[in-house]
$ cat coords.pdb   # PDB, C-alpha atoms (C1' of nucleotides)
ATOM      1  CA  MET A  60      -1.113  -8.546 -18.220
ATOM      2  CA  ALA A  61       2.190 -10.024 -19.331
ATOM      3  CA  ASP A  62       4.323 -10.571 -16.267
ATOM      4  CA  PRO A  63       4.157 -13.945 -14.496
ATOM      5  CA  LEU A  64       4.044 -12.497 -11.014
ATOM      6  CA  SER A  65       0.890 -10.545 -11.775
ATOM      7  CA  ARG A  66      -0.708 -13.625 -13.227
ATOM      8  CA  VAL A  67       0.027 -15.717 -10.152
ATOM      9  CA  PHE A  68      -1.120 -13.109  -7.653
ATOM     10  CA  SER A  69      -4.194 -12.404  -9.719
ATOM     11  CA  ALA A  70      -5.016 -16.088 -10.027
ATOM     12  CA  LEU A  71      -4.913 -16.546  -6.261
ATOM     13  CA  ALA A  72      -6.927 -13.413  -5.564
ATOM     14  CA  ASP A  73     -10.108 -15.385  -6.117
ATOM     15  CA  PRO A  74     -11.419 -17.506  -3.204
ATOM     16  CA  THR A  75     -12.808 -20.202  -5.477
ATOM     17  CA  ARG A  76      -9.473 -20.568  -7.226
ATOM     18  CA  ARG A  77      -7.642 -20.730  -3.909
ATOM     19  CA  ASP A  78     -10.037 -23.432  -2.815
ATOM     20  CA  ILE A  79      -9.358 -25.338  -6.015
ATOM     21  CA  VAL A  80      -5.647 -25.091  -5.357
ATOM     22  CA  ALA A  81      -6.198 -26.329  -1.826
ATOM     23  CA  ARG A  82      -8.095 -29.348  -3.066
ATOM     24  CA  LEU A  83      -5.566 -30.077  -5.779
ATOM     25  CA  ALA A  84      -2.859 -30.096  -3.153
ATOM     26  CA  VAL A  85      -4.560 -33.188  -1.759
ATOM     27  CA  ALA A  86      -5.168 -34.993  -5.019
ATOM     28  CA  ASP A  87      -5.452 -34.460  -8.744
ATOM     29  CA  ALA A  88      -9.003 -34.096  -9.992
ATOM     30  CA  THR A  89     -11.039 -33.619 -13.120
ATOM     31  CA  VAL A  90     -12.996 -30.520 -13.990
ATOM     32  CA  ASN A  91     -16.262 -32.188 -13.122
ATOM     33  CA  GLU A  92     -15.023 -33.342  -9.746
ATOM     34  CA  LEU A  93     -13.664 -29.904  -9.014
ATOM     35  CA  ALA A  94     -16.894 -28.206 -10.007
ATOM     36  CA  ALA A  95     -19.130 -30.420  -7.866
ATOM     37  CA  PRO A  96     -18.866 -28.590  -4.516
ATOM     38  CA  TYR A  97     -19.560 -25.141  -5.942
ATOM     39  CA  ASP A  98     -22.907 -23.897  -7.096
ATOM     40  CA  VAL A  99     -21.560 -22.531 -10.327
ATOM     41  CA  THR A 100     -21.566 -24.175 -13.716
ATOM     42  CA  VAL A 101     -18.831 -26.478 -14.919
ATOM     43  CA  GLN A 102     -17.935 -23.890 -17.549
ATOM     44  CA  ALA A 103     -17.153 -21.331 -14.889
ATOM     45  CA  VAL A 104     -14.798 -23.763 -13.161
ATOM     46  CA  SER A 105     -13.211 -24.542 -16.500
ATOM     47  CA  LYS A 106     -12.478 -20.844 -16.861
ATOM     48  CA  HIS A 107     -10.981 -20.738 -13.385
ATOM     49  CA  LEU A 108      -8.728 -23.626 -14.326
ATOM     50  CA  LYS A 109      -7.626 -21.792 -17.418
ATOM     51  CA  VAL A 110      -6.603 -18.847 -15.286
ATOM     52  CA  LEU A 111      -4.682 -21.134 -12.942
ATOM     53  CA  GLU A 112      -3.074 -22.852 -15.902
ATOM     54  CA  ASP A 113      -2.022 -19.562 -17.515
ATOM     55  CA  ALA A 114      -0.442 -18.643 -14.209
ATOM     56  CA  GLY A 115       1.487 -21.909 -14.268
ATOM     57  CA  LEU A 116      -0.163 -23.123 -11.101
ATOM     58  CA  VAL A 117      -1.751 -26.218 -12.599
ATOM     59  CA  SER A 118      -1.233 -28.459 -15.577
ATOM     60  CA  ARG A 119      -3.626 -30.735 -17.382
ATOM     61  CA  SER A 120      -2.981 -34.078 -18.961
ATOM     62  CA  ARG A 121      -5.294 -36.140 -21.088
ATOM     63  CA  GLU A 122      -6.861 -39.419 -20.075
ATOM     64  CA  ALA A 123      -9.698 -40.490 -22.389
ATOM     65  CA  GLN A 124     -12.227 -37.647 -22.343
ATOM     66  CA  ARG A 125     -11.104 -36.592 -18.909
ATOM     67  CA  ARG A 126      -8.484 -33.895 -18.296
ATOM     68  CA  PRO A 127      -6.995 -34.517 -14.851
ATOM     69  CA  VAL A 128      -5.751 -31.301 -13.288
ATOM     70  CA  HIS A 129      -2.475 -31.338 -11.404
ATOM     71  CA  LEU A 130      -1.048 -28.727  -9.067
ATOM     72  CA  GLU A 131       2.384 -27.397  -9.970
ATOM     73  CA  ALA A 132       4.143 -26.292  -6.829
ATOM     74  CA  GLU A 133       7.191 -24.610  -8.298
ATOM     75  CA  VAL A 134       5.428 -21.411  -9.248
ATOM     76  CA  PHE A 135       4.810 -20.700  -5.609
ATOM     77  CA  ASP A 136       8.495 -19.945  -5.347
ATOM     78  CA  LEU A 137       8.068 -16.883  -7.528
ATOM     79  CA  MET A 138       5.690 -15.364  -5.034
ATOM     80  CA  THR A 139       7.533 -16.507  -1.984
ATOM     81  CA  LYS A 140      10.733 -14.949  -3.211
ATOM     82  CA  TRP A 141       9.069 -11.655  -4.006
ATOM     83  CA  ILE A 142       7.257 -11.530  -0.712
ATOM     84  CA  GLU A 143      10.216 -12.540   1.407
ATOM     85  CA  ARG A 144      12.439  -9.981  -0.220
ATOM     86  CA  TYR A 145      10.315  -7.013   0.696
ATOM     87  CA  ARG A 146       9.231  -8.373   3.992
ATOM     88  CA  ARG A 147      12.811  -8.766   5.064
ATOM     89  CA  GLN A 148      13.636  -5.325   3.760
ATOM     90  CA  ALA A 149      10.736  -3.746   5.595
ATOM     91  CA  GLU A 150      11.491  -5.550   8.811
ATOM     92  CA  GLU A 151      15.125  -4.628   8.664
ATOM     93  CA  ARG A 152      14.150  -1.043   8.137
ATOM     94  CA  TYR A 153      11.917  -1.319  11.148
ATOM     95  CA  ARG A 154      14.781  -2.643  13.247
ATOM     96  CA  ARG A 155      17.073   0.085  12.031
ATOM     97  CA  LEU A 156      14.504   2.703  12.950
ATOM     98  CA  ASP A 157      14.536   1.387  16.474
ATOM     99  CA  ASP A 158      18.302   1.730  16.567
ATOM    100  CA  VAL A 159      18.170   5.257  15.230
ATOM    101  CA  LEU A 160      15.598   6.245  17.801
ATOM    102  CA  ARG A 161      17.693   4.699  20.566
ATOM    103  CA  ASP A 162      20.788   6.541  19.397
ATOM    104  CA  MET A 163      18.861   9.780  19.232
ATOM    105  CA  PRO A 164      17.816  10.684  22.746
ATOM    106  CA  ASP A 165      17.481  14.339  21.791
ATOM    107  CA  ALA A 166      16.911  16.379  18.648
ATOM    108  CA  GLY A 167      13.155  16.618  18.967
ATOM    109  CA  PRO A 168      11.525  15.337  15.801
ATOM    110  CA  PRO A 169       8.108  16.704  14.824
ATOM    111  CA  ALA A 170       6.540  13.355  15.576
ATOM    112  CA  GLN A 171       3.854  13.950  18.173
ATOM    113  CA  GLU A 172       4.971  11.171  20.435
ATOM    114  CA  GLY A 173       4.423  11.166  24.126
ATOM    115  CA  THR A 174       6.875  14.081  24.409
ATOM    116  CA  THR A 175       7.721  13.653  28.073
ATOM    117  CA  SER A 176       5.106  16.101  29.196
TER     118      SER A 176
ATOM    119  CA  MET B 235     -14.532  -9.040  -1.786
ATOM    120  CA  ALA B 236     -14.539  -9.505   1.947
ATOM    121  CA  ASP B 237     -11.765 -11.885   2.905
ATOM    122  CA  PRO B 238      -8.335 -10.459   3.765
ATOM    123  CA  LEU B 239      -6.383 -12.983   1.724
ATOM    124  CA  SER B 240      -8.189 -12.043  -1.464
ATOM    125  CA  ARG B 241      -7.555  -8.386  -0.761
ATOM    126  CA  VAL B 242      -3.829  -8.908  -0.299
ATOM    127  CA  PHE B 243      -3.369 -11.098  -3.348
ATOM    128  CA  SER B 244      -5.486  -8.774  -5.415
ATOM    129  CA  ALA B 245      -3.573  -5.734  -4.234
ATOM    130  CA  LEU B 246      -0.274  -7.282  -5.288
ATOM    131  CA  ALA B 247      -1.608  -8.469  -8.632
ATOM    132  CA  ASP B 248      -0.919  -5.006 -10.053
ATOM    133  CA  PRO B 249       2.677  -4.234 -11.150
ATOM    134  CA  THR B 250       2.427  -0.580 -10.185
ATOM    135  CA  ARG B 251       1.288  -1.495  -6.702
ATOM    136  CA  ARG B 252       4.068  -4.055  -6.341
ATOM    137  CA  ASP B 253       6.531  -1.383  -7.391
ATOM    138  CA  ILE B 254       5.087   0.970  -4.809
ATOM    139  CA  VAL B 255       5.519  -1.701  -2.176
ATOM    140  CA  ALA B 256       9.101  -2.241  -3.301
ATOM    141  CA  ARG B 257       9.865   1.426  -2.954
ATOM    142  CA  LEU B 258       8.166   1.697   0.398
ATOM    143  CA  ALA B 259      10.316  -1.147   1.637
ATOM    144  CA  VAL B 260      13.266   1.215   1.232
ATOM    145  CA  ALA B 261      11.704   4.292   2.763
ATOM    146  CA  ASP B 262       8.390   5.883   3.618
ATOM    147  CA  ALA B 263       7.126   8.333   1.040
ATOM    148  CA  THR B 264       4.291  10.726   0.313
ATOM    149  CA  VAL B 265       1.710  10.271  -2.405
ATOM    150  CA  ASN B 266       3.358  12.888  -4.577
ATOM    151  CA  GLU B 267       6.765  11.309  -4.264
ATOM    152  CA  LEU B 268       5.349   7.917  -5.051
ATOM    153  CA  ALA B 269       3.500   9.181  -8.082
ATOM    154  CA  ALA B 270       6.495  10.931  -9.624
ATOM    155  CA  PRO B 271       8.087   7.986 -11.481
ATOM    156  CA  TYR B 272       4.876   6.839 -13.140
ATOM    157  CA  ASP B 273       3.153   8.520 -16.012
ATOM    158  CA  VAL B 274      -0.244   8.361 -14.411
ATOM    159  CA  THR B 275      -1.962  11.067 -12.419
ATOM    160  CA  VAL B 276      -1.515  11.523  -8.703
ATOM    161  CA  GLN B 277      -5.143  10.586  -8.260
ATOM    162  CA  ALA B 278      -4.542   7.185  -9.766
ATOM    163  CA  VAL B 279      -1.680   6.567  -7.349
ATOM    164  CA  SER B 280      -3.867   7.708  -4.502
ATOM    165  CA  LYS B 281      -6.355   5.043  -5.520
ATOM    166  CA  HIS B 282      -3.614   2.436  -5.622
ATOM    167  CA  LEU B 283      -2.615   3.410  -2.118
ATOM    168  CA  LYS B 284      -6.182   3.041  -0.964
ATOM    169  CA  VAL B 285      -6.194  -0.500  -2.296
ATOM    170  CA  LEU B 286      -2.927  -1.256  -0.520
ATOM    171  CA  GLU B 287      -4.252   0.294   2.654
ATOM    172  CA  ASP B 288      -7.490  -1.699   2.533
ATOM    173  CA  ALA B 289      -5.357  -4.804   2.169
ATOM    174  CA  GLY B 290      -3.447  -3.777   5.280
ATOM    175  CA  LEU B 291      -0.190  -3.526   3.386
ATOM    176  CA  VAL B 292       0.421   0.142   4.107
ATOM    177  CA  SER B 293      -0.621   2.699   6.659
ATOM    178  CA  ARG B 294      -0.768   6.458   6.464
ATOM    179  CA  SER B 295      -0.030   9.015   9.123
ATOM    180  CA  ARG B 296      -0.582  12.725   9.015
ATOM    181  CA  GLU B 297       2.144  15.343   8.875
ATOM    182  CA  ALA B 298       0.896  18.795   7.920
ATOM    183  CA  GLN B 299      -0.789  18.422   4.530
ATOM    184  CA  ARG B 300       1.372  15.429   3.715
ATOM    185  CA  ARG B 301       0.301  11.838   4.372
ATOM    186  CA  PRO B 302       3.464   9.736   4.607
ATOM    187  CA  VAL B 303       2.846   6.160   3.535
ATOM    188  CA  HIS B 304       4.427   3.349   5.506
ATOM    189  CA  LEU B 305       4.783  -0.305   4.584
ATOM    190  CA  GLU B 306       3.310  -2.789   7.031
ATOM    191  CA  ALA B 307       5.215  -6.035   6.811
ATOM    192  CA  GLU B 308       3.039  -8.227   9.006
ATOM    193  CA  VAL B 309       0.354  -8.832   6.401
ATOM    194  CA  PHE B 310       2.868 -10.655   4.259
ATOM    195  CA  ASP B 311       2.656 -13.478   6.769
ATOM    196  CA  LEU B 312      -0.916 -14.174   5.761
ATOM    197  CA  MET B 313       0.165 -14.922   2.226
ATOM    198  CA  THR B 314       3.310 -16.743   3.167
ATOM    199  CA  LYS B 315       1.422 -19.060   5.459
ATOM    200  CA  TRP B 316      -1.191 -19.841   2.850
ATOM    201  CA  ILE B 317       1.365 -20.423   0.148
ATOM    202  CA  GLU B 318       3.700 -22.531   2.234
ATOM    203  CA  ARG B 319       0.903 -24.740   3.399
ATOM    204  CA  TYR B 320      -0.142 -25.846  -0.048
ATOM    205  CA  ARG B 321       3.295 -25.873  -1.471
ATOM    206  CA  ARG B 322       4.468 -28.255   1.178
ATOM    207  CA  GLN B 323       1.377 -30.385   0.710
ATOM    208  CA  ALA B 324       1.861 -30.529  -3.044
ATOM    209  CA  GLU B 325       5.535 -31.336  -2.789
ATOM    210  CA  GLU B 326       4.926 -34.038  -0.261
ATOM    211  CA  ARG B 327       2.320 -35.516  -2.530
ATOM    212  CA  TYR B 328       4.820 -35.404  -5.347
ATOM    213  CA  ARG B 329       7.325 -37.319  -3.269
ATOM    214  CA  ARG B 330       4.699 -39.828  -2.237
ATOM    215  CA  LEU B 331       3.699 -40.339  -5.860
ATOM    216  CA  ASP B 332       7.251 -41.304  -6.633
ATOM    217  CA  ASP B 333       7.115 -43.906  -3.894
ATOM    218  CA  VAL B 334       3.799 -45.279  -5.105
ATOM    219  CA  LEU B 335       5.040 -45.554  -8.654
ATOM    220  CA  ARG B 336       8.111 -47.370  -7.453
ATOM    221  CA  ASP B 337       6.000 -49.837  -5.454
ATOM    222  CA  MET B 338       3.553 -50.322  -8.305
ATOM    223  CA  PRO B 339       5.196 -51.931 -11.303
ATOM    224  CA  ASP B 340       1.821 -52.892 -12.814
ATOM    225  CA  ALA B 341      -1.911 -52.881 -11.960
ATOM    226  CA  GLY B 342      -3.407 -49.702 -13.372
ATOM    227  CA  PRO B 343      -6.835 -48.984 -11.838
ATOM    228  CA  PRO B 344      -8.522 -45.708 -12.756
ATOM    229  CA  ALA B 345      -7.794 -44.516  -9.222
ATOM    230  CA  GLN B 346     -11.165 -42.880  -8.732
ATOM    231  CA  GLU B 347     -12.053 -42.369  -5.081
ATOM    232  CA  GLY B 348      -9.426 -42.011  -2.448
ATOM    233  CA  THR B 349      -9.816 -45.242  -0.478
ATOM    234  CA  THR B 350      -6.321 -44.704   0.822
ATOM    235  CA  SER B 351      -6.252 -47.688   3.100
TER     236      SER B 351
ATOM    237  C1'  DG C   9     -22.165 -45.949 -37.375
ATOM    238  C1'  DT C  10     -25.113 -43.568 -33.052
ATOM    239  C1'  DC C  11     -25.234 -42.306 -28.147
ATOM    240  C1'  DT C  12     -23.356 -40.533 -23.988
ATOM    241  C1'  DT C  13     -19.892 -38.268 -21.150
ATOM    242  C1'  DC C  14     -16.514 -34.777 -20.292
ATOM    243  C1'  DT C  15     -14.706 -30.592 -21.603
ATOM    244  C1'  DT C  16     -14.139 -26.317 -23.927
ATOM    245  C1'  DC C  17     -15.536 -22.454 -27.133
ATOM    246  C1'  DA C  18     -18.505 -18.301 -28.181
ATOM    247  C1'  DA C  19     -21.476 -14.724 -27.146
ATOM    248  C1'  DC C  20     -23.513 -12.137 -23.825
ATOM    249  C1'  DC C  21     -24.351  -9.562 -19.256
ATOM    250  C1'  DG C  22     -23.533  -6.951 -14.830
ATOM    251  C1'  DG C  23     -20.289  -5.242 -11.941
ATOM    252  C1'  DA C  24     -15.717  -4.104 -10.446
ATOM    253  C1'  DA C  25     -10.921  -2.007 -11.720
ATOM    254  C1'  DG C  26      -7.926   1.326 -13.353
ATOM    255  C1'  DG C  27      -7.619   5.360 -15.687
ATOM    256  C1'  DT C  28      -9.034  10.233 -16.690
ATOM    257  C1'  DT C  29     -10.708  15.297 -15.536
ATOM    258  C1'  DG C  30     -12.453  18.686 -12.350
ATOM    259  C1'  DA C  31     -13.492  20.327  -7.950
ATOM    260  C1'  DA C  32     -13.163  20.340  -3.043
ATOM    261  C1'  DA C  33     -10.861  19.571   1.773
ATOM    262  C1'  DA C  34      -6.968  20.359   4.759
ATOM    263  C1'  DG C  35      -3.222  22.837   6.148
ATOM    264  C1'  DG C  36       0.828  25.814   5.934
ATOM    265  C1'  DA C  37       3.153  30.256   3.765
ATOM    266  C1'  DG C  38       2.875  35.173   2.174
TER     267       DG C  38
ATOM    268  C1'  DC D 247      -7.242  36.955   4.501
ATOM    269  C1'  DT D 248      -5.397  35.239   0.133
ATOM    270  C1'  DC D 249      -2.474  32.020  -2.169
ATOM    271  C1'  DC D 250      -0.217  27.549  -2.751
ATOM    272  C1'  DT D 251       0.610  22.636  -1.946
ATOM    273  C1'  DT D 252      -0.941  18.142  -1.024
ATOM    274  C1'  DT D 253      -4.355  14.942  -1.051
ATOM    275  C1'  DT D 254      -8.832  13.105  -1.746
ATOM    276  C1'  DC D 255     -13.714  12.996  -3.531
ATOM    277  C1'  DA D 256     -17.004  12.637  -7.442
ATOM    278  C1'  DA D 257     -18.304  11.544 -12.113
ATOM    279  C1'  DC D 258     -17.350   9.372 -16.011
ATOM    280  C1'  DC D 259     -15.304   6.047 -19.404
ATOM    281  C1'  DT D 260     -13.330   1.738 -20.987
ATOM    282  C1'  DT D 261     -11.652  -2.643 -20.200
ATOM    283  C1'  DC D 262     -11.388  -6.837 -17.611
ATOM    284  C1'  DC D 263     -13.656 -10.597 -14.766
ATOM    285  C1'  DG D 264     -16.730 -13.929 -13.216
ATOM    286  C1'  DG D 265     -20.854 -15.676 -14.230
ATOM    287  C1'  DT D 266     -24.496 -17.412 -17.443
ATOM    288  C1'  DT D 267     -26.571 -20.140 -21.665
ATOM    289  C1'  DG D 268     -26.002 -22.733 -25.828
ATOM    290  C1'  DA D 269     -23.422 -25.234 -29.010
ATOM    291  C1'  DA D 270     -19.438 -27.620 -30.500
ATOM    292  C1'  DG D 271     -15.040 -31.032 -29.971
ATOM    293  C1'  DA D 272     -13.083 -35.245 -28.240
ATOM    294  C1'  DA D 273     -13.116 -39.748 -26.970
ATOM    295  C1'  DG D 274     -15.089 -43.986 -25.150
ATOM    296  C1'  DA D 275     -19.538 -47.105 -24.942
ATOM    297  C1'  DC D 276     -23.125 -49.447 -27.463
TER     298       DC D 276
END
$ encode --input "coords.pdb" --output "structure tokens"
Amino acid sequence: MADPLSRVFSALADPTRRDIVARLAVADATVNELAAPYDVTVQAVSKHLKVLEDAGLVSRSREAQRRPVHLEAEVFDLMTKWIERYRRQAEERYRRLDDVLRDMPDAGPPAQEGTTS
Amino acid sequence: MADPLSRVFSALADPTRRDIVARLAVADATVNELAAPYDVTVQAVSKHLKVLEDAGLVSRSREAQRRPVHLEAEVFDLMTKWIERYRRQAEERYRRLDDVLRDMPDAGPPAQEGTTS
DNA sequence: GTCTTCTTCAACCGGAAGGTTGAAAAGGAG
DNA sequence: CTCCTTTTCAACCTTCCGGTTGAAGAAGAC
């Protein structure tokens, strides 16, 4: 899976990873601290962090043996832009459909609407 | 995978499905029409549409044998809200960090627990 | 040096994802 | 009714994903 957008969406498709992101939004944390609340092994959380890191959502620095994890907010823009683009497009299309229907009082389409029975 | 947010993120983690969404933002389409550009079988696209439908991103009506697929824009809000929340939080924290660093020319404690008096 | 802590690497396992082929519904069109 | 089109269902296969255990790096602490 090469493209960045897929990596970000995929990374956030997991509830545990979203929870990690939520906690990192409050404060940086180490792998051990992050793993504490969950009943999975530290290794599993380390894997989750690798996924988040590959997606560009977090970065890790070094501080003695510890590797504090930091949330990188910029990548969110990628998603937001993608989402907003198609949302706007879809909503505009929706609006336009309303207009078309208003301008078309006749010309019975096959849609089984109420049909003025 | 029960929760709606995971379903939406997961659905959009696939490039083909994102492309389908992009095309549906322009106009509704049938399964056959949607499948045409890709070099996968129609069945595969039908599966993709099922994923998108389960995520609430598209809906299907019935029109003779055809099942026109329609993009539902509302679900995007779920994601947008989630994303914006943590992005804002992270950015605010970033700003605050700048302030802290400016007010703290020295004194480097390991900054373990919060104790944000 | 040795010990301890924090983290990651490697191998493995079960299940879900995305693809295929083949057949079956569902509904016109002849 | 018989065909044809559109779509989905059912198996099946392969790869990826999230989890495990066990061992190995990395960097203080003693």
$ closest_residue --input "coords.pdb" --among "A:Ala86, A:Leu93, A:Val99, A:Leu108" --to "B:Tyr328" --atoms "all atoms listed in the file"
A:Ala86
$ resolve_selection --input "coords.pdb" --expression "the PyMOL selection byres ((chain A) within 9 of (chain B))" --output "tab-separated table (two decimals) with C-alpha atoms, keeping the file's coordinate frame"
chain	number	residue	atom	x	y	z
A	60	MET	CA	-1.11	-8.55	-18.22
A	62	ASP	CA	4.32	-10.57	-16.27
A	64	LEU	CA	4.04	-12.50	-11.01
A	65	SER	CA	0.89	-10.54	-11.78
A	66	ARG	CA	-0.71	-13.62	-13.23
A	67	VAL	CA	0.03	-15.72	-10.15
A	68	PHE	CA	-1.12	-13.11	-7.65
A	69	SER	CA	-4.19	-12.40	-9.72
A	70	ALA	CA	-5.02	-16.09	-10.03
A	71	LEU	CA	-4.91	-16.55	-6.26
A	72	ALA	CA	-6.93	-13.41	-5.56
A	73	ASP	CA	-10.11	-15.38	-6.12
A	74	PRO	CA	-11.42	-17.51	-3.20
A	80	VAL	CA	-5.65	-25.09	-5.36
A	81	ALA	CA	-6.20	-26.33	-1.83
A	83	LEU	CA	-5.57	-30.08	-5.78
A	84	ALA	CA	-2.86	-30.10	-3.15
A	85	VAL	CA	-4.56	-33.19	-1.76
A	86	ALA	CA	-5.17	-34.99	-5.02
A	130	LEU	CA	-1.05	-28.73	-9.07
A	131	GLU	CA	2.38	-27.40	-9.97
A	132	ALA	CA	4.14	-26.29	-6.83
A	133	GLU	CA	7.19	-24.61	-8.30
A	135	PHE	CA	4.81	-20.70	-5.61
A	136	ASP	CA	8.49	-19.94	-5.35
A	138	MET	CA	5.69	-15.36	-5.03
A	139	THR	CA	7.53	-16.51	-1.98
A	142	ILE	CA	7.26	-11.53	-0.71
A	143	GLU	CA	10.22	-12.54	1.41
A	144	ARG	CA	12.44	-9.98	-0.22
A	145	TYR	CA	10.32	-7.01	0.70
A	146	ARG	CA	9.23	-8.37	3.99
A	147	ARG	CA	12.81	-8.77	5.06
A	148	GLN	CA	13.64	-5.32	3.76
A	149	ALA	CA	10.74	-3.75	5.60
A	150	GLU	CA	11.49	-5.55	8.81
A	152	ARG	CA	14.15	-1.04	8.14
A	169	PRO	CA	8.11	16.70	14.82
A	170	ALA	CA	6.54	13.36	15.58
$ interface_residues --input "coords.pdb" --of "chain A" --to "chain C" --cutoff "12 Å" --atoms "all atoms listed in the file" --output "ChimeraX atom specification"
/A:89-92,101-106,108-109,119,121-127
$ closest_atom_pairs --input "coords.pdb" --of "chain D" --to "chain B" --cutoff "8 Å" --atoms "only C-alpha atoms (C1' of nucleotides)" --output "CSV"
residue,atom,partner,partner_atom,distance
D:DT251,C1',B:Gln299,CA,7.9
D:DT252,C1',B:Gln299,CA,5.6
D:DT253,C1',B:Arg300,CA,7.5
D:DT254,C1',B:Ser280,CA,7.8
$ atom_distance --input "coords.pdb" --atom1 "atom CA of B:Asp253" --atom2 "atom CA of B:Ser293"
16.3 Å
$ atom_distance --input "coords.pdb" --atom1 "atom CA of A:Thr100" --atom2 "atom CA of A:Leu116"
21.6 Å
$ decode --input "coords.pdb" --residues "stretch 316-331 of chain B" --atoms "N, CA and C atoms" --output "PDB file, in the first residue's frame"
ATOM      1  N   TRP B 316     -14.210  13.922  14.219  1.00  0.00           N
ATOM      2  CA  TRP B 316     -13.150  13.222  14.960  1.00  0.00           C
ATOM      3  C   TRP B 316     -11.801  13.855  14.663  1.00  0.00           C
ATOM      4  N   ILE B 317     -11.534  14.009  13.386  1.00  0.00           N
ATOM      5  CA  ILE B 317     -10.233  14.541  12.979  1.00  0.00           C
ATOM      6  C   ILE B 317     -10.009  15.932  13.547  1.00  0.00           C
ATOM      7  N   GLU B 318     -10.986  16.789  13.348  1.00  0.00           N
ATOM      8  CA  GLU B 318     -10.816  18.187  13.762  1.00  0.00           C
ATOM      9  C   GLU B 318     -10.571  18.307  15.248  1.00  0.00           C
ATOM     10  N   ARG B 319     -11.245  17.450  15.987  1.00  0.00           N
ATOM     11  CA  ARG B 319     -11.100  17.505  17.438  1.00  0.00           C
ATOM     12  C   ARG B 319      -9.646  17.332  17.847  1.00  0.00           C
ATOM     13  N   TYR B 320      -9.026  16.272  17.326  1.00  0.00           N
ATOM     14  CA  TYR B 320      -7.673  15.976  17.787  1.00  0.00           C
ATOM     15  C   TYR B 320      -6.637  16.833  17.098  1.00  0.00           C
ATOM     16  N   ARG B 321      -6.977  17.274  15.918  1.00  0.00           N
ATOM     17  CA  ARG B 321      -6.043  18.179  15.271  1.00  0.00           C
ATOM     18  C   ARG B 321      -5.952  19.476  16.049  1.00  0.00           C
ATOM     19  N   ARG B 322      -7.109  19.999  16.384  1.00  0.00           N
ATOM     20  CA  ARG B 322      -7.115  21.251  17.137  1.00  0.00           C
ATOM     21  C   ARG B 322      -6.375  21.085  18.451  1.00  0.00           C
ATOM     22  N   GLN B 323      -6.674  19.969  19.133  1.00  0.00           N
ATOM     23  CA  GLN B 323      -6.038  19.703  20.416  1.00  0.00           C
ATOM     24  C   GLN B 323      -4.513  19.658  20.268  1.00  0.00           C
ATOM     25  N   ALA B 324      -4.069  18.951  19.227  1.00  0.00           N
ATOM     26  CA  ALA B 324      -2.631  18.789  19.038  1.00  0.00           C
ATOM     27  C   ALA B 324      -1.977  20.122  18.687  1.00  0.00           C
ATOM     28  N   GLU B 325      -2.656  20.904  17.879  1.00  0.00           N
ATOM     29  CA  GLU B 325      -2.076  22.177  17.480  1.00  0.00           C
ATOM     30  C   GLU B 325      -2.023  23.148  18.636  1.00  0.00           C
ATOM     31  N   GLU B 326      -3.068  23.093  19.444  1.00  0.00           N
ATOM     32  CA  GLU B 326      -3.085  23.961  20.620  1.00  0.00           C
ATOM     33  C   GLU B 326      -1.953  23.596  21.559  1.00  0.00           C
ATOM     34  N   ARG B 327      -1.764  22.281  21.703  1.00  0.00           N
ATOM     35  CA  ARG B 327      -0.685  21.816  22.561  1.00  0.00           C
ATOM     36  C   ARG B 327       0.661  22.273  22.014  1.00  0.00           C
ATOM     37  N   TYR B 328       0.775  22.259  20.728  1.00  0.00           N
ATOM     38  CA  TYR B 328       2.000  22.704  20.070  1.00  0.00           C
ATOM     39  C   TYR B 328       2.271  24.166  20.398  1.00  0.00           C
ATOM     40  N   ARG B 329       1.219  24.965  20.292  1.00  0.00           N
ATOM     41  CA  ARG B 329       1.351  26.385  20.607  1.00  0.00           C
ATOM     42  C   ARG B 329       1.756  26.572  22.055  1.00  0.00           C
ATOM     43  N   ARG B 330       1.068  25.802  22.942  1.00  0.00           N
ATOM     44  CA  ARG B 330       1.344  25.938  24.356  1.00  0.00           C
ATOM     45  C   ARG B 330       2.781  25.550  24.667  1.00  0.00           C
ATOM     46  N   LEU B 331       3.267  24.517  23.976  1.00  0.00           N
ATOM     47  CA  LEU B 331       4.649  24.085  24.187  1.00  0.00           C
ATOM     48  C   LEU B 331       5.604  25.224  23.893  1.00  0.00           C
TER      49      LEU B 331
END
